[in-house]
Amino acid sequence: MTAAKVAGKNGNRVTAMLLLPTTLWFLLLLVMPLVVILVFSLGERAPAGGYQAALTLEQYANLPARLKAFTNTLTLSPLGTLICMVIAYPLAYYLAIKAGRRAKALLLTLVIVPFWTSFLIRTYAWIYILGGRGIPRLLEMIGIEDLRLINTPTAVLIGIVYGYLPLMVFPIYVSLEKLDKGLLEASSDLGANPVRTFLQVTLPLSAPGLITGSLLVFILLMGEYLIPAILGGGKVFFVGNALVDLFLQSRNWPFGSAVAVALVVIMLVAIALYLSLAGRERGRQDVSII
Amino acid sequence: MARRNALAMTGGNRERAGGVPRDSSGQSADIEFAGVTKRFGEVVAVDDVSLSVERGAFYTFLGPSGCGKTTSLRLIAGFEQPDQGDVRIGGASVVGIPPYKRPVNMVFQHYALFPHLTVADNIGYGLRQRAPRPTNSEITGQVGEMLELVRLSGFETRRVWELSGGQQQRVALARALINHPTVLLLDEPLAALDRKLRREMQIELQTLQREVGITFVLVTHDQEEALSMSDTICIMRDGRIVQTGGPKELYDEPVNGYVADFVGKSNFFAGKVVEATGTGAAVELEGGRVLSGRRPKNGETLAPGARGVIAVRPELVHVTPTAGPTASQTDVEAPGRVKNRIFLGEHTEYLVGTQELGDILALVPKHVEASDGGFTPGDEVRIGWRTSAALSLAER
Amino acid sequence: MSYKNNGDTPISAKKFMEELRRYQKGSVSRRHFLGVTGLGLATAAMAKAMPELAGIGKAHAAANIGDRVSIATWPNYYDPANYEAFTTATGADVQISVFGSNEEMLAKLQAGGTGWDVFVPTNYTISTYVELDLIQPLDLSRLANFDEKHYIKRFIEPGTVNGKVYAVPKNWGTTGFVLNRKKVKTDPTTWKAFWDLTKTDASGRVIVHDYQLTTIGNALKYFGYSFNSVDPKELADAEKLLLEAKPHLFAITSDYQPAMRANDAWMSIAWTGDGLQLHRDIPEIDYVLGKEGGELWSDFYAIPKEAPHVDAAYAFIDYLIDPKINAREVAAHGYPVPDNRTTALLPKEMTEDPIMYPAQELLDALEFGAAVTLTDPLRAEVMARFKAA
């Protein structure tokens, strides 16, 4: 055996050892729970609640009973993602391309600062802003009476956009920051006005950031539970809320597991669809997520 | 030797440039600057510059970084607007007009090709911005012609990042030229290429300009590039123009030491001006030796008592063996010792250390070397030149 | 949480965040949150002004009960000053989790690992806890302050299962509804009127509990069915009503005081103490019992099977059912107690309060919750469907 071969073998062993913790982590924290959930979803609810072993598809047959939670999640998540995108883009654009160094530092700090306090206390603050003592009271002054904002889908959307905007801003900001500003000059030089330059150069080249940001926001929104619970008053129900209910109130673990499996499947399908659409949009160019 | 070749080549260009037809109105300037000033905060990048670029010329801004050459180019392109003065293209003021409305196109230093588009889509970009938009077949046709012009046929569907530096350079050229600009602006277009490719592209650019017949404005810090391609070179320093002229004029008749130093190599002997006339001057060096030289055409005036330099081009310095007969053609001489020898093919470059005049660079043609056998470091030699070969110049 | 933090030492940022998260998770009440974060300095001041409180726990202080006791209870259902005094006397920190429904409590205990030493189950749930072996029988010799003869019989009975005492009474009360008279112009006195108003004049301003027993129970009352029905047909009617009402609801939550106080909500299903607290602060908010009936309930102190600090649990329960302490509890939260000794210590305006002590004919119509509702899969699913609709 040559020295090189020995070194190669040792290298493989070192690699394997380095990967071991990750692999264990992956198996323990990702695969195992998924297997448990799959097994549970084929079972039955025990008489006093919980799980009772069985092999039935009954839980899946019952999924339509949570249709509204799924449709809510599948409309408000993409809508929230879209609104985040529309609001985050100009901000990220300004930060990356227009802002001076001082303004940039200040604005970036302002975008980050909310992360210093709990996401929840910030969402709670919205209860007061959207509640009867907040915006509706201001609107009363100009004669708009009894407007209700809190516990509506609008309130949930506001909370979503508020909470997830930074997650959208940063990937877009990074992709715009990396954008060679010479390309914008080149486009202008070749006769494209600013709008056309934006549509033909800036937008396509910041697509990776847009895709990363929207996937990040969308995936997290699909599992969202707190914002609907806090700003939806239990009325705007996401699948996440249905899951909490099934596990913590009805104690119907098998059905809860079936709902969770369905959510994972829908999410994977949605992401695959989105990526293939985004990929087609960008032609032959590789869609790099990061 | 590269420089002689370059000179010969630019000489050819100048003749051609003179042949470019001028339009009937007598308007022969494509680009004019009238008292243009551009500031960036405290820094004056372009300081009260007036110039005029003839239609069809190959015009070059030459200077070190920070001299204002790139800003001048960007003022023409429209990426910058002047603080004072007027910029005219084809006789009409373009102040306040954005880049996308100007009849000029630029080849950017790092090409600025669109990475998300194919070669063909990059080249056709300008056509697609036109209103009304040409049909797809028109665009395809013109892109094809351009690819042929820059010898890249068959590369249509390639990604720009798959191309070599030289190929990218040619795509950038095609992308600019497809719009039939009045003026093509080139911002250090060859800086990213290796030396051999750079030489090839220099020739290619000249050929191209001859074919398309439009004004080229080049920005470079590379004097060799400037000398080999340009009809007119504008040497800048600190936002101002130092001298404008053809390559031969700048080489042979530099207005001061800065130009002589920037354009080609020179041996400089600095000292106090002891005598100055309209046709020449004498400078007393520190060691007491007095050298004199001719005053170049338009050379800055020297006053007795002021500082001045005598400049001698290395190819005009003769090197002879100490033992042999004095070279008849020299009237300034000094003994010295060969310190270094660089073989350059057609020429050999010697660095000779002398007592009185310091280190002196001399360039000896192959045929001369062949007759005297050449020297090796450590050899005692005599150097010399003709007074008529020396220039008396204002110090930088 | 440590009530020791309530004193002069300002709360640290880290501590504040911990408290906040617990509050957000619903583990602690709003009042507790305000208290520990220094927003309720009054609490601390009060504890200091009543040094005799510290003496009360002397008996418990004598034995070493450990450094903590953990309790699972309901929102707005205790006096922080009492808990603080207990900590001062015994050195055991009181850790509090707050819940919105008995189902939630059961779910946690079923899942295991709660760490609770004391919890507050409602009458109808205790037999299920015994069946599931989640609760331990009480050693009454360790509860010196408990004496059966002082208690109202019907409120004490659910604590005894198969002849063994598993829980001692905490409070009793009713489930009615609160309404804001300034906003609701009619005078509903029945559950029928409650639901009809929900769908008409009070649309968008009504809260129902995130709790199957009361929300489904009072929907059943609309049709004159038993509050405890598990009959599929009757539940189907209730579900239909709930689904009709859902678009008109302001929220589905058991923490309805903030929305009532903010005028966001005008009506809500409510428990006695919340009715009293709201009425005390905002006189136009009234507490009404539906004439058709509804729930009468009693809550208990009990010790989970897996309680890690049993000594502390006994000490804490015994402390809390001491009539003097208990009277302070009632003064704070407004729920009546089934202990005559404690009632005797209450001020007259409380003992004569119609919210705490409703008229007999109203009480007669009420029913205790039935054990079957806690685990009935159909009731659970009706509630879950209603929420997910």
# chains A, B, ... in the order shown; residues from 1 in each chain; ligands from 1

$ interface_residues --of "chain C" --to "chain A" --cutoff "6 Å" --atoms "only C-alpha atoms" --output "PyMOL selection string"
chain C and resi 103-104+107+251-252+262+264+375+380+388-389

$ residues_around --residues "stretch 282-289 of chain C" --least-positions-apart "4" --cutoff "7 Å" --atoms "only C-alpha atoms" --output "JSON, numbers by chain"
{"C": [176, 177, 178, 179, 180, 181, 182, 189, 275, 278, 355, 362]}

$ closest_atom_pairs --of "chain B" --to "chain A" --cutoff "10 Å" --atoms "only C-alpha atoms" --output "tab-separated table"
residue	atom	partner	partner_atom	distance
B:Ala77	CA	A:Asp189	CA	7.2
B:Gly78	CA	A:Asp189	CA	8.2
B:Phe79	CA	A:Glu185	CA	7.4
B:Pro98	CA	A:Ser188	CA	8.1
B:Pro99	CA	A:Asp189	CA	5.2
B:Tyr100	CA	A:Gly191	CA	3.9
B:Lys101	CA	A:Gly191	CA	6.3
B:Arg102	CA	A:Asp189	CA	7.8
B:Pro103	CA	A:Gly191	CA	8.9
B:Val104	CA	A:Asp189	CA	7.6
B:Asn105	CA	A:Asp189	CA	5.9
B:Met106	CA	A:Asp189	CA	6.8
B:Val107	CA	A:Ala186	CA	8.4
B:Phe108	CA	A:Ala186	CA	7.6
B:Gln109	CA	A:Gly182	CA	9.3
B:His110	CA	A:Gly182	CA	8.5
B:Tyr111	CA	A:Gly182	CA	8.6
B:Ala112	CA	A:Leu183	CA	5.2
B:Leu113	CA	A:Leu183	CA	6.9
B:Phe114	CA	A:Leu183	CA	6.6
B:Pro115	CA	A:Leu205	CA	8.2
B:His116	CA	A:Gln285	CA	6.8
B:Leu117	CA	A:Gln285	CA	8.6
B:Thr118	CA	A:Arg284	CA	9.6
B:Asn122	CA	A:Ser187	CA	10.0
B:Ile123	CA	A:Leu190	CA	9.9
B:Gly124	CA	A:Leu190	CA	9.7
B:Tyr125	CA	A:Leu190	CA	7.1
B:Gly126	CA	A:Leu190	CA	4.7
B:Leu127	CA	A:Leu190	CA	8.3
B:Arg128	CA	A:Ala192	CA	8.7
B:Gln129	CA	A:Ala192	CA	5.5
B:Arg130	CA	A:Gly191	CA	7.2
B:Arg159	CA	A:Gln285	CA	8.8
B:Ala172	CA	A:Ala186	CA	9.9
B:Arg175	CA	A:Leu190	CA	8.2
B:Ala176	CA	A:Leu190	CA	7.1
B:Leu177	CA	A:Leu190	CA	10.0
B:Ile178	CA	A:Leu190	CA	9.7
B:Asn179	CA	A:Leu190	CA	7.7
B:Pro181	CA	A:Leu190	CA	9.8

$ residues_around --residues "C:Ala344" --least-positions-apart "5" --cutoff "12 Å" --atoms "only C-alpha atoms" --output "VMD selection string"
chain C and resid 150 323 to 324 326 to 327 330 336 to 339 350 to 352

$ residues_around --residues "stretch 116-130 of chain C" --least-positions-apart "3" --cutoff "9 Å" --atoms "only C-alpha atoms" --output "PyMOL selection string"
(chain A and resi 48) or (chain C and resi 69-74+95-97+102+105-106+109+113+133-137+155-162+166-167+169-170+297-310+312-314+316-317+368-375)

$ select_by_dssp --residues "stretch 55-264 of chain A" --states "alpha helix (DSSP H)" --output "JSON, numbers by chain"
{"A": [58, 59, 60, 61, 67, 68, 69, 70, 71, 72, 73, 74, 75, 76, 77, 78, 79, 80, 81, 82, 83, 84, 85, 86, 87, 88, 89, 90, 91, 92, 93, 101, 102, 103, 104, 105, 106, 107, 108, 109, 110, 111, 112, 119, 120, 121, 122, 123, 124, 125, 126, 127, 128, 129, 130, 135, 136, 137, 138, 139, 140, 141, 153, 154, 155, 156, 157, 158, 159, 160, 161, 162, 163, 164, 165, 166, 167, 168, 169, 170, 171, 172, 173, 174, 175, 176, 177, 178, 181, 182, 183, 184, 185, 186, 187, 188, 189, 194, 195, 196, 197, 203, 204, 205, 207, 208, 209, 210, 211, 212, 213, 214, 215, 216, 217, 218, 219, 220, 221, 222, 226, 227, 228, 229, 230, 231, 239, 240, 241, 242, 243, 244, 245, 246, 247, 248, 253, 254, 255, 256, 257, 258, 259, 260, 261, 262, 263, 264]}

$ atom_distance --atom1 "atom CA of C:Glu295" --atom2 "atom CA of C:Trp172"
10.8 Å

$ select_by_dssp --residues "stretch 225-392 of chain B" --states "strand (DSSP E or B)" --output "PyMOL selection string"
chain B and resi 232-237+240-245+267-276+280-284+290-294+307-312+318-321+332-343+347-354+358-365+380-385+391-392

$ closest_residue --among "A:Ala272, A:Val264, A:Leu76, A:Ala61" --to "A:Ala155" --atoms "only C-alpha atoms"
A:Leu76

$ residues_around --residues "A:Met222" --least-positions-apart "5" --cutoff "12 Å" --atoms "only C-alpha atoms" --output "ChimeraX atom specification"
/A:69-81,160,214-217,227-228,237-241,260,262-268,270-271

$ closest_residue --among "A:Leu28, A:Leu57, A:Ile219, A:Leu275" --to "A:Leu42" --atoms "only C-alpha atoms"
A:Leu57

$ residues_around --residues "B:Gly63" --least-positions-apart "5" --cutoff "10 Å" --atoms "only C-alpha atoms" --output "number ranges by chain"
B: 68-70, 219-223, 226, 233-239, 241-242, 259, 262-263

$ atom_distance --atom1 "atom CA of A:Gly279" --atom2 "atom CA of A:Leu203"
14.3 Å
